[in-house]
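J.: One structure, as structure tokens, below. Some questions next.
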Amino acid sequence: MKNIREDKGYTYGISSSILPLKENCILVIGTEVGAEFTNPSLKEIYFEIKRLREEPVSENELDLVRNYLLGELLRSFDGAFSIADSITSLFEYNDLDYDFFDKTIHTIKTISAEQLMNLANSYLREDDLIECVAGNVKPN
């Protein structure tokens, strides 16, 4: 976000999320940009993905993301319906126990920058990614 929003000014907001499925997951990176910024934004997104594979995340950034993820996890237990949704998700994936959430908290708190780089090298390869762009795109 810092690069594409704050430094380059291509968009007001850019976000990413992971949609877990039973045997796979989907990484979604989304933003809204003007047509003239589509290709430069895609270039910068791939640049940031490459950085995840090649440069360790700083401890400050890692702490920021840890706090965000722990807050989101806590939010997923805010109220009866949210709790029910969280518990229901355990049944959707047959191999998850009730300690899944404890393990998730432990992983968030203890994962290292090196482990993140290893995961990025395993799962964030450009050849495996699919782009979906909607709207007017100006050619390079």
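Residue numbering restarts at 1 in every chain; chains get A, B, ... in the order shown in the structure tokens, and ligands count up from 1 in that same order.
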Excluding same-chain residues fewer than 4 positions from Gln115 in chain A, what lies within 12 Å of it counting only C-alpha atoms, as a ChimeraX atom specification?
T.: /A:52-57,62,107-108,110-111,119-122
J.: Name the residues of chain A that come out as helix (DSSP H, G or I) in a backbone DSSP run; write them as JSON, numbers by chain.
T.: {"A": [2, 3, 4, 5, 6, 7, 35, 36, 37, 38, 39, 40, 41, 42, 43, 44, 45, 46, 47, 48, 49, 50, 51, 52, 53, 54, 59, 60, 61, 62, 63, 64, 65, 66, 67, 68, 69, 70, 71, 72, 73, 74, 75, 80, 81, 82, 83, 84, 85, 86, 87, 88, 89, 90, 91, 92, 100, 101, 102, 103, 104, 105, 106, 107, 108, 109, 110, 113, 114, 115, 116, 117, 118, 119, 120, 121, 122, 123, 126, 127, 128]}
J.: Quick one: DSSP strand (DSSP E) residues in range 22-67 of chain A, as a ChimeraX atom specification?
T.: /A:25-31
J.: Between A:Leu64, A:Lys109, A:Ser17, A:Asp99, which residue has the minimum interatomic distance to Ile87 in chain A, considering only C-alpha atoms?
T.: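 Ranking A:Leu64, A:Lys109, A:Ser17, A:Asp99 by distance to Ile87 in chain A, first place goes to A:Asp99.
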